[in-house]
file start_29.txt (compact mmCIF, C-alpha atoms)
# COMPACT_ATOMS: atom_id res chain seq x y z
CA GLY A 96 -1.33 3.30 16.51
CA GLY A 97 -3.00 5.05 13.66
CA ILE A 98 -5.75 4.73 11.13
CA ILE A 99 -6.33 5.22 7.43
CA THR A 100 -9.67 6.62 6.36
CA GLN A 101 -10.98 6.33 2.82
CA THR A 102 -13.96 8.24 1.48
CA PRO A 103 -16.40 7.40 0.14
CA LYS A 104 -16.79 3.74 1.06
CA PHE A 105 -18.95 3.16 -2.04
CA LEU A 106 -18.73 5.28 -5.20
CA ILE A 107 -21.15 4.97 -8.09
CA GLY A 108 -20.52 6.86 -11.30
CA GLN A 109 -21.51 6.97 -14.92
CA GLU A 110 -19.27 5.81 -17.73
CA GLY A 111 -17.01 8.68 -18.81
CA GLN A 112 -17.43 10.55 -15.53
CA LYS A 113 -14.50 12.00 -13.57
CA LEU A 114 -14.47 10.61 -10.03
CA THR A 115 -12.30 11.38 -7.01
CA LEU A 116 -11.38 9.10 -4.12
CA LYS A 117 -9.84 10.46 -0.93
CA CYS A 118 -7.51 9.01 1.68
CA GLN A 119 -6.35 10.36 5.04
CA GLN A 120 -3.80 8.86 7.45
CA ASN A 121 -2.80 9.85 10.97
CA PHE A 122 0.27 7.62 11.25
CA ASN A 123 2.44 10.61 10.22
CA HIS A 124 3.86 8.36 7.50
CA ASP A 125 5.86 9.87 4.66
CA THR A 126 4.82 7.52 1.86
CA MET A 127 1.31 6.86 0.60
CA TYR A 128 0.00 4.50 -2.06
CA TRP A 129 -3.07 3.77 -4.20
CA TYR A 130 -3.81 0.21 -5.33
CA ARG A 131 -6.56 -1.32 -7.39
CA GLN A 132 -7.93 -4.73 -6.45
CA ASP A 133 -10.15 -6.44 -8.99
CA SER A 134 -12.58 -9.06 -7.70
CA GLY A 135 -10.71 -12.14 -6.51
CA LYS A 136 -7.38 -10.76 -7.65
CA GLY A 137 -4.20 -9.31 -6.18
CA LEU A 138 -3.17 -5.68 -5.68
CA ARG A 139 -1.88 -3.51 -8.51
CA LEU A 140 -0.10 -0.23 -7.80
CA ILE A 141 -1.58 2.86 -9.43
CA TYR A 142 0.37 5.74 -7.87
CA TYR A 143 2.53 6.38 -4.85
CA SER A 144 3.98 9.44 -3.19
CA ILE A 145 7.21 9.40 -1.21
CA THR A 146 6.60 12.76 0.39
CA GLU A 147 4.30 15.76 0.15
CA ASN A 148 4.05 17.06 -3.44
CA ASP A 149 5.81 13.99 -4.83
CA LEU A 150 4.09 11.63 -7.28
CA GLN A 151 5.36 8.37 -8.75
CA LYS A 152 3.53 6.23 -11.30
CA GLY A 153 2.85 2.58 -10.69
CA ASP A 154 2.17 -0.10 -13.27
CA LEU A 155 -1.51 0.87 -13.62
CA SER A 156 -1.40 4.69 -13.75
CA GLU A 157 -3.01 5.16 -17.17
CA GLY A 158 -6.50 6.60 -16.77
CA TYR A 159 -5.77 7.94 -13.28
CA ASP A 160 -4.38 11.12 -11.71
CA ALA A 161 -3.24 11.56 -8.13
CA SER A 162 -2.58 14.46 -5.80
CA ARG A 163 -0.67 14.58 -2.50
CA GLU A 164 -2.13 17.73 -1.02
CA LYS A 165 -0.39 17.39 2.32
CA LYS A 166 1.47 14.75 4.27
CA SER A 167 -1.67 13.21 5.68
CA SER A 168 -3.81 13.07 2.53
CA PHE A 169 -3.60 11.48 -0.90
CA SER A 170 -6.33 11.68 -3.54
CA LEU A 171 -6.92 9.57 -6.62
CA THR A 172 -8.93 10.72 -9.63
CA VAL A 173 -10.42 8.38 -12.20
CA THR A 174 -10.25 10.65 -15.23
CA SER A 175 -12.96 8.90 -17.29
CA ALA A 176 -14.66 6.00 -15.53
CA GLN A 177 -15.01 2.78 -17.52
CA LYS A 178 -17.05 -0.32 -16.73
CA ASN A 179 -13.96 -2.53 -16.85
CA GLU A 180 -12.39 -0.70 -13.92
CA MET A 181 -15.04 -1.56 -11.38
CA ALA A 182 -12.93 -2.65 -8.44
CA VAL A 183 -11.94 -1.88 -4.86
CA PHE A 184 -9.40 0.93 -4.53
CA LEU A 185 -7.09 0.63 -1.54
CA CYS A 186 -5.01 3.37 0.03
CA ALA A 187 -1.93 2.53 2.10
CA SER A 188 0.86 4.32 3.92
CA SER A 189 4.31 3.45 5.23
CA MET A 190 7.16 4.99 7.16
CA ALA A 191 10.14 5.97 5.03
CA GLY A 192 12.60 3.12 4.67
CA ARG A 193 10.33 0.54 6.30
CA GLY A 194 8.90 -2.38 4.36
CA GLU A 195 5.42 -2.70 5.79
CA GLN A 196 2.45 -0.77 4.49
CA TYR A 197 -0.79 -0.15 6.37
CA PHE A 198 -4.05 -0.22 4.44
CA GLY A 199 -7.38 1.53 4.61
CA PRO A 200 -10.71 -0.29 4.25
CA GLY A 201 -11.10 0.54 0.56
CA THR A 202 -13.50 2.34 -1.77
CA ARG A 203 -15.67 0.13 -3.97
CA LEU A 204 -16.23 1.69 -7.39
CA THR A 205 -19.25 0.82 -9.52
CA VAL A 206 -19.61 2.23 -13.02
CA LEU A 207 -23.06 2.29 -14.60
CA GLY B 57 12.84 -7.78 -11.91
CA ASP B 58 11.52 -8.66 -8.47
CA SER B 59 8.63 -11.09 -8.29
CA VAL B 60 6.50 -13.14 -5.92
CA THR B 61 4.71 -16.37 -6.78
CA GLN B 62 1.73 -17.81 -4.94
CA LYS B 63 0.45 -20.75 -6.92
CA GLN B 64 -2.42 -21.82 -4.68
CA GLY B 65 -5.45 -19.73 -5.57
CA GLN B 66 -7.79 -21.50 -3.16
CA VAL B 67 -7.30 -23.74 -0.14
CA THR B 68 -10.19 -25.43 1.69
CA LEU B 69 -9.60 -27.04 5.08
CA SER B 70 -11.54 -28.26 8.08
CA GLU B 71 -11.08 -26.81 11.57
CA ASP B 72 -7.92 -28.05 13.32
CA ASP B 73 -6.26 -28.92 9.99
CA PHE B 74 -2.67 -27.88 9.28
CA LEU B 75 -2.26 -24.90 6.94
CA PHE B 76 0.54 -24.50 4.43
CA ILE B 77 0.52 -21.73 1.82
CA ASN B 78 3.38 -21.69 -0.63
CA CYS B 79 5.24 -18.47 -1.49
CA THR B 80 8.44 -18.08 -3.45
CA TYR B 81 10.23 -14.90 -4.44
CA SER B 82 12.90 -13.63 -6.77
CA THR B 83 15.10 -10.61 -6.14
CA THR B 84 18.71 -9.53 -6.50
CA THR B 85 18.65 -7.45 -3.31
CA TYR B 86 18.18 -8.11 0.39
CA PRO B 87 14.43 -8.46 0.78
CA THR B 88 11.88 -7.84 3.46
CA LEU B 89 9.21 -10.55 3.31
CA LEU B 90 5.68 -10.08 4.55
CA TRP B 91 2.36 -11.86 4.84
CA TYR B 92 -0.89 -9.93 4.78
CA VAL B 93 -4.39 -11.19 5.59
CA GLN B 94 -7.54 -9.68 4.10
CA TYR B 95 -10.90 -10.46 5.66
CA LEU B 96 -14.06 -10.03 3.60
CA GLY B 97 -14.91 -6.36 3.06
CA GLN B 98 -11.73 -5.07 4.69
CA GLY B 99 -8.32 -3.85 3.61
CA PRO B 100 -5.26 -6.11 3.97
CA GLN B 101 -3.71 -6.28 7.45
CA LEU B 102 -0.09 -7.02 8.14
CA LEU B 103 0.19 -10.49 9.63
CA LEU B 104 3.94 -10.90 9.95
CA LYS B 105 7.22 -9.60 8.58
CA VAL B 106 10.80 -10.94 8.43
CA THR B 107 13.84 -8.94 7.35
CA THR B 108 16.69 -11.34 8.11
CA ALA B 109 17.47 -14.56 6.23
CA ASN B 110 16.67 -17.79 8.11
CA ASN B 111 14.61 -15.92 10.67
CA LYS B 112 11.05 -16.84 11.46
CA GLY B 113 8.11 -14.50 11.87
CA ILE B 114 5.33 -15.54 14.25
CA SER B 115 1.96 -13.93 14.81
CA ARG B 116 -1.45 -15.15 16.01
CA GLY B 117 -0.37 -18.79 15.63
CA PHE B 118 0.91 -18.25 12.08
CA GLU B 119 4.57 -18.59 11.22
CA ALA B 120 6.79 -18.13 8.18
CA THR B 121 10.53 -18.60 7.74
CA TYR B 122 12.58 -16.54 5.30
CA ASP B 123 14.62 -19.27 3.58
CA LYS B 124 17.27 -17.64 1.44
CA GLY B 125 18.47 -20.97 0.04
CA THR B 126 15.13 -21.96 -1.46
CA THR B 127 13.90 -18.32 -1.85
CA SER B 128 10.72 -19.28 -0.04
CA PHE B 129 8.54 -17.70 2.66
CA HIS B 130 5.78 -20.26 3.17
CA LEU B 131 2.99 -19.53 5.66
CA GLN B 132 2.02 -22.23 8.17
CA LYS B 133 -0.39 -22.71 11.00
CA ALA B 134 -0.71 -25.87 13.05
CA SER B 135 -4.46 -25.78 13.60
CA VAL B 136 -6.78 -23.47 11.65
CA GLN B 137 -10.09 -22.11 12.86
CA GLU B 138 -13.15 -21.00 10.93
CA SER B 139 -12.22 -17.40 11.81
CA ASP B 140 -8.99 -17.76 9.80
CA SER B 141 -11.02 -17.83 6.57
CA ALA B 142 -9.64 -14.94 4.51
CA VAL B 143 -7.34 -14.13 1.60
CA TYR B 144 -3.61 -14.33 2.37
CA PHE B 145 -1.04 -12.35 0.38
CA CYS B 146 2.69 -12.84 0.36
CA ALA B 147 4.67 -9.64 -0.36
CA LEU B 148 8.26 -8.72 -1.15
CA GLY B 149 9.92 -5.44 -0.30
CA ALA B 150 13.31 -4.96 -1.94
CA SER B 151 16.00 -2.88 -0.29
CA SER B 152 17.21 -1.37 -3.54
CA GLY B 153 15.65 1.96 -2.70
CA SER B 154 12.28 1.17 -4.21
CA TRP B 155 9.37 2.15 -2.01
CA GLN B 156 7.13 -0.54 -3.44
CA LEU B 157 5.90 -3.90 -2.22
CA ILE B 158 5.44 -6.66 -4.78
CA PHE B 159 2.34 -8.70 -3.89
CA GLY B 160 1.54 -12.27 -4.76
CA SER B 161 -1.82 -13.04 -6.32
CA GLY B 162 -3.33 -14.18 -3.04
CA THR B 163 -4.66 -17.45 -1.61
CA GLN B 164 -8.30 -17.72 -0.56
CA LEU B 165 -8.47 -19.87 2.58
CA THR B 166 -11.84 -21.35 3.51
CA VAL B 167 -12.08 -23.23 6.79
CA MET B 168 -15.13 -25.43 7.22
CA PRO B 169 -16.56 -25.88 10.73
call {"tool": "encode", "arguments": {"input": "start_29.txt", "output": "structure tokens"}}
result
Amino acid sequence: GGIITQTPKFLIGQEGQKLTLKCQQNFNHDTMYWYRQDSGKGLRLIYYSITENDLQKGDLSEGYDASREKKSSFSLTVTSAQKNEMAVFLCASSMAGRGEQYFGPGTRLTVL
Amino acid sequence: GDSVTQKQGQVTLSEDDFLFINCTYSTTTYPTLLWYVQYLGQGPQLLLKVTTANNKGISRGFEATYDKGTTSFHLQKASVQESDSAVYFCALGASSGSWQLIFGSGTQLTVMP
């Protein structure tokens, strides 16, 4: 088994601030993902990375940057935090060619 | 494009009731179909997965059958417990080379004691 760790668990920032969320996995999975989950809603894909140094945009990439520093870690940057993007940000990983993704516990973003 | 539809936003049941959550999908490829469960304050957890048409996935008393004819993957449980209260997501993984899962909008299940 493995685990996905997301830091921080809670992130509070000011409007317009640049904020970074981090994700680590020890599954040795190739592919990693960032999703945004608004309150009571489904999951929307922000970015994913098929392998180290690869980046692919999802449907919600505007306003975000991502970085796959190494196989085990994937960071997401909110370039200019806005109040309408207060949500839970979920990181996930999967083995290449397999359908299932495994999720971390999430980072809850609050923008003041 | 590929899509997943979960029309039931909320379901409220009593303990020992039968659970049925509707999920339909649309794709032109050979899909993998999944159900995830998300408990309050946690990330989604994989509940079950089916990759072959007309096969059934079973886990923790939940079951879902990949019905290619009706393009459905409904989730069922014979007798729910209060501990099953959570949000349930249906998801579609297409085999076209895409690395993405398409998630339904989720169904909030509340089980009353």
call {"tool": "interface_residues", "arguments": {"input": "start_29.txt", "of": "chain B", "to": "chain A", "cutoff": "7 Å", "atoms": "only C-alpha atoms", "output": "MDAnalysis selection string"}}
result
chainID B and resid 88 98:101 149 159:162
call {"tool": "closest_residue", "arguments": {"input": "start_29.txt", "among": "B:Val93, B:Thr80, B:Leu75, B:Ser128", "to": "Lys63 of chain B", "atoms": "all atoms listed in the file"}}
result
B:Thr80
call {"tool": "atom_distance", "arguments": {"input": "start_29.txt", "atom1": "atom CA of Lys124 of chain B", "atom2": "atom CA of Gly65 of chain B"}}
result
23.9 Å
call {"tool": "residues_near_point", "arguments": {"input": "start_29.txt", "point": "(0.4, -22.1, 15.0)", "cutoff": "10 Å", "atoms": "all atoms listed in the file", "output": "MDAnalysis selection string"}}
result
chainID B and resid 74:75 114:119 132:136
call {"tool": "write_last_selection", "arguments": {"input": "start_29.txt", "atoms": "C-alpha atoms", "output": "JSON list (two decimals), keeping the file's coordinate frame"}}
result
[["chain", "number", "residue", "atom", "x", "y", "z"],
["B", 74, "PHE", "CA", -2.67, -27.88, 9.28],
["B", 75, "LEU", "CA", -2.26, -24.90, 6.94],
["B", 114, "ILE", "CA", 5.33, -15.54, 14.25],
["B", 115, "SER", "CA", 1.96, -13.93, 14.81],
["B", 116, "ARG", "CA", -1.45, -15.15, 16.01],
["B", 117, "GLY", "CA", -0.37, -18.79, 15.63],
["B", 118, "PHE", "CA", 0.91, -18.25, 12.08],
["B", 119, "GLU", "CA", 4.57, -18.59, 11.22],
["B", 132, "GLN", "CA", 2.02, -22.23, 8.17],
["B", 133, "LYS", "CA", -0.39, -22.71, 11.00],
["B", 134, "ALA", "CA", -0.71, -25.87, 13.05],
["B", 135, "SER", "CA", -4.46, -25.78, 13.60],
["B", 136, "VAL", "CA", -6.78, -23.47, 11.65]]
call {"tool": "closest_residue", "arguments": {"input": "start_29.txt", "among": "A:Trp129, A:Tyr159, A:Phe169, A:Phe122", "to": "Tyr142 of chain A", "atoms": "all atoms listed in the file"}}
result
A:Trp129
call {"tool": "residues_around", "arguments": {"input": "start_29.txt", "residues": "Glu147 of chain A", "least_positions_apart": "3", "cutoff": "6 Å", "atoms": "only C-alpha atoms", "output": "PDB file with C-alpha atoms, keeping the file's coordinate frame"}}
result
ATOM      1  CA  ARG A 163      -0.670  14.580  -2.500  1.00  0.00           C
ATOM      2  CA  LYS A 165      -0.390  17.390   2.320  1.00  0.00           C
ATOM      3  CA  LYS A 166       1.470  14.750   4.270  1.00  0.00           C
TER       4      LYS A 166
END
call {"tool": "residues_near_point", "arguments": {"input": "start_29.txt", "point": "(-7.7, 5.5, 5.4)", "cutoff": "6 Å", "atoms": "only C-alpha atoms", "output": "list in words"}}
result
Ile99, Thr100, Gln101, Cys118, Gln119, Gln120 and Gly199 of chain A
call {"tool": "residues_around", "arguments": {"input": "start_29.txt", "residues": "Cys79 of chain B", "least_positions_apart": "4", "cutoff": "6 Å", "atoms": "only C-alpha atoms", "output": "compact mmCIF listing (two decimals) with C-alpha atoms, in the frame of the given file"}}
result
# COMPACT_ATOMS: atom_id res chain seq x y z
CA THR B 61 4.71 -16.37 -6.78
CA GLN B 62 1.73 -17.81 -4.94
CA SER B 128 10.72 -19.28 -0.04
CA PHE B 129 8.54 -17.70 2.66
CA HIS B 130 5.78 -20.26 3.17
call {"tool": "residues_around", "arguments": {"input": "start_29.txt", "residues": "Thr108 of chain B", "least_positions_apart": "3", "cutoff": "10 Å", "atoms": "all atoms listed in the file", "output": "NGL selection string"}}
result
:B and (86-89 or 105 or 111-113 or 121-124)
call {"tool": "atom_distance", "arguments": {"input": "start_29.txt", "atom1": "atom CA of Thr146 of chain A", "atom2": "atom CA of Leu102 of chain B"}}
result
22.3 Å
call {"tool": "atom_distance", "arguments": {"input": "start_29.txt", "atom1": "atom CA of Lys113 of chain A", "atom2": "atom CA of Leu204 of chain A"}}
result
12.1 Å
call {"tool": "residues_around", "arguments": {"input": "start_29.txt", "residues": "Leu165 of chain B", "least_positions_apart": "2", "cutoff": "9 Å", "atoms": "all atoms listed in the file", "output": "ChimeraX atom specification"}}
result
/B:65-69,140-144,163,167
call {"tool": "residues_around", "arguments": {"input": "start_29.txt", "residues": "segment 154-158 of chain A", "least_positions_apart": "5", "cutoff": "9 Å", "atoms": "all atoms listed in the file", "output": "mmCIF file with C-alpha atoms, in the frame of the given file"}}
result
data_model
loop_
_atom_site.group_PDB
_atom_site.id
_atom_site.type_symbol
_atom_site.label_atom_id
_atom_site.label_comp_id
_atom_site.auth_asym_id
_atom_site.auth_seq_id
_atom_site.Cartn_x
_atom_site.Cartn_y
_atom_site.Cartn_z
ATOM 1 C CA TYR A 130 -3.810 0.210 -5.330
ATOM 2 C CA ARG A 131 -6.560 -1.320 -7.390
ATOM 3 C CA ARG A 139 -1.880 -3.510 -8.510
ATOM 4 C CA LEU A 140 -0.100 -0.230 -7.800
ATOM 5 C CA ILE A 141 -1.580 2.860 -9.430
ATOM 6 C CA TYR A 142 0.370 5.740 -7.870
ATOM 7 C CA THR A 172 -8.930 10.720 -9.630
ATOM 8 C CA VAL A 173 -10.420 8.380 -12.200
ATOM 9 C CA THR A 174 -10.250 10.650 -15.230
ATOM 10 C CA SER A 175 -12.960 8.900 -17.290
ATOM 11 C CA ALA A 176 -14.660 6.000 -15.530
#
call {"tool": "closest_residue", "arguments": {"input": "start_29.txt", "among": "A:Thr205, A:Leu116, A:Ile98, A:Phe105", "to": "Gly97 of chain B", "atoms": "all atoms listed in the file"}}
result
A:Phe105
call {"tool": "closest_residue", "arguments": {"input": "start_29.txt", "among": "B:Gln64, B:Thr166, B:Ser82, B:Thr126", "to": "Ala147 of chain B", "atoms": "only C-alpha atoms"}}
result
B:Ser82
call {"tool": "decode", "arguments": {"input": "start_29.txt", "residues": "segment 96-115 of chain B", "atoms": "N, CA and C atoms", "output": "tab-separated table (two decimals), in the first residue's frame"}}
result
chain	number	residue	atom	x	y	z
B	96	LEU	N	-16.88	12.62	5.08
B	96	LEU	CA	-16.73	14.03	5.45
B	96	LEU	C	-15.29	14.33	5.88
B	97	GLY	N	-14.70	15.33	5.24
B	97	GLY	CA	-13.35	15.77	5.61
B	97	GLY	C	-12.23	14.93	5.04
B	98	GLN	N	-12.56	13.98	4.18
B	98	GLN	CA	-11.54	13.10	3.61
B	98	GLN	C	-11.52	13.20	2.09
B	99	GLY	N	-10.47	12.65	1.48
B	99	GLY	CA	-10.44	12.54	0.03
B	99	GLY	C	-11.27	11.35	-0.43
B	100	PRO	N	-11.63	11.31	-1.71
B	100	PRO	CA	-12.38	10.15	-2.23
B	100	PRO	C	-11.55	8.87	-2.12
B	101	GLN	N	-12.25	7.76	-1.84
B	101	GLN	CA	-11.61	6.45	-1.78
B	101	GLN	C	-12.25	5.57	-2.84
B	102	LEU	N	-11.44	4.78	-3.50
B	102	LEU	CA	-11.97	3.85	-4.48
B	102	LEU	C	-12.82	2.80	-3.78
B	103	LEU	N	-14.05	2.65	-4.25
B	103	LEU	CA	-14.96	1.66	-3.68
B	103	LEU	C	-14.95	0.39	-4.52
B	104	LEU	N	-15.15	0.53	-5.83
B	104	LEU	CA	-15.08	-0.62	-6.70
B	104	LEU	C	-14.83	-0.18	-8.14
B	105	LYS	N	-14.36	-1.14	-8.94
B	105	LYS	CA	-13.98	-0.86	-10.32
B	105	LYS	C	-14.33	-2.06	-11.18
B	106	VAL	N	-14.83	-1.80	-12.41
B	106	VAL	CA	-15.12	-2.87	-13.36
B	106	VAL	C	-14.57	-2.47	-14.72
B	107	THR	N	-13.88	-3.38	-15.37
B	107	THR	CA	-13.29	-3.07	-16.67
B	107	THR	C	-13.92	-3.84	-17.81
B	108	THR	N	-14.72	-4.85	-17.49
B	108	THR	CA	-15.28	-5.71	-18.54
B	108	THR	C	-16.80	-5.62	-18.56
B	109	ALA	N	-17.36	-5.46	-19.75
B	109	ALA	CA	-18.81	-5.32	-19.90
B	109	ALA	C	-19.52	-6.53	-19.30
B	110	ASN	N	-20.64	-6.23	-18.64
B	110	ASN	CA	-21.52	-7.23	-18.00
B	110	ASN	C	-20.90	-7.88	-16.76
B	111	ASN	N	-19.77	-7.39	-16.35
B	111	ASN	CA	-19.19	-7.85	-15.09
B	111	ASN	C	-19.69	-7.01	-13.94
B	112	LYS	N	-19.62	-7.60	-12.75
B	112	LYS	CA	-20.08	-6.91	-11.55
B	112	LYS	C	-18.89	-6.66	-10.65
B	113	GLY	N	-18.85	-5.48	-10.05
B	113	GLY	CA	-17.87	-5.19	-9.01
B	113	GLY	C	-18.56	-5.26	-7.66
B	114	ILE	N	-17.87	-5.83	-6.69
B	114	ILE	CA	-18.44	-5.98	-5.34
B	114	ILE	C	-17.39	-5.57	-4.32
B	115	SER	N	-17.83	-4.76	-3.35
B	115	SER	CA	-16.92	-4.34	-2.29
B	115	SER	C	-17.71	-3.86	-1.10
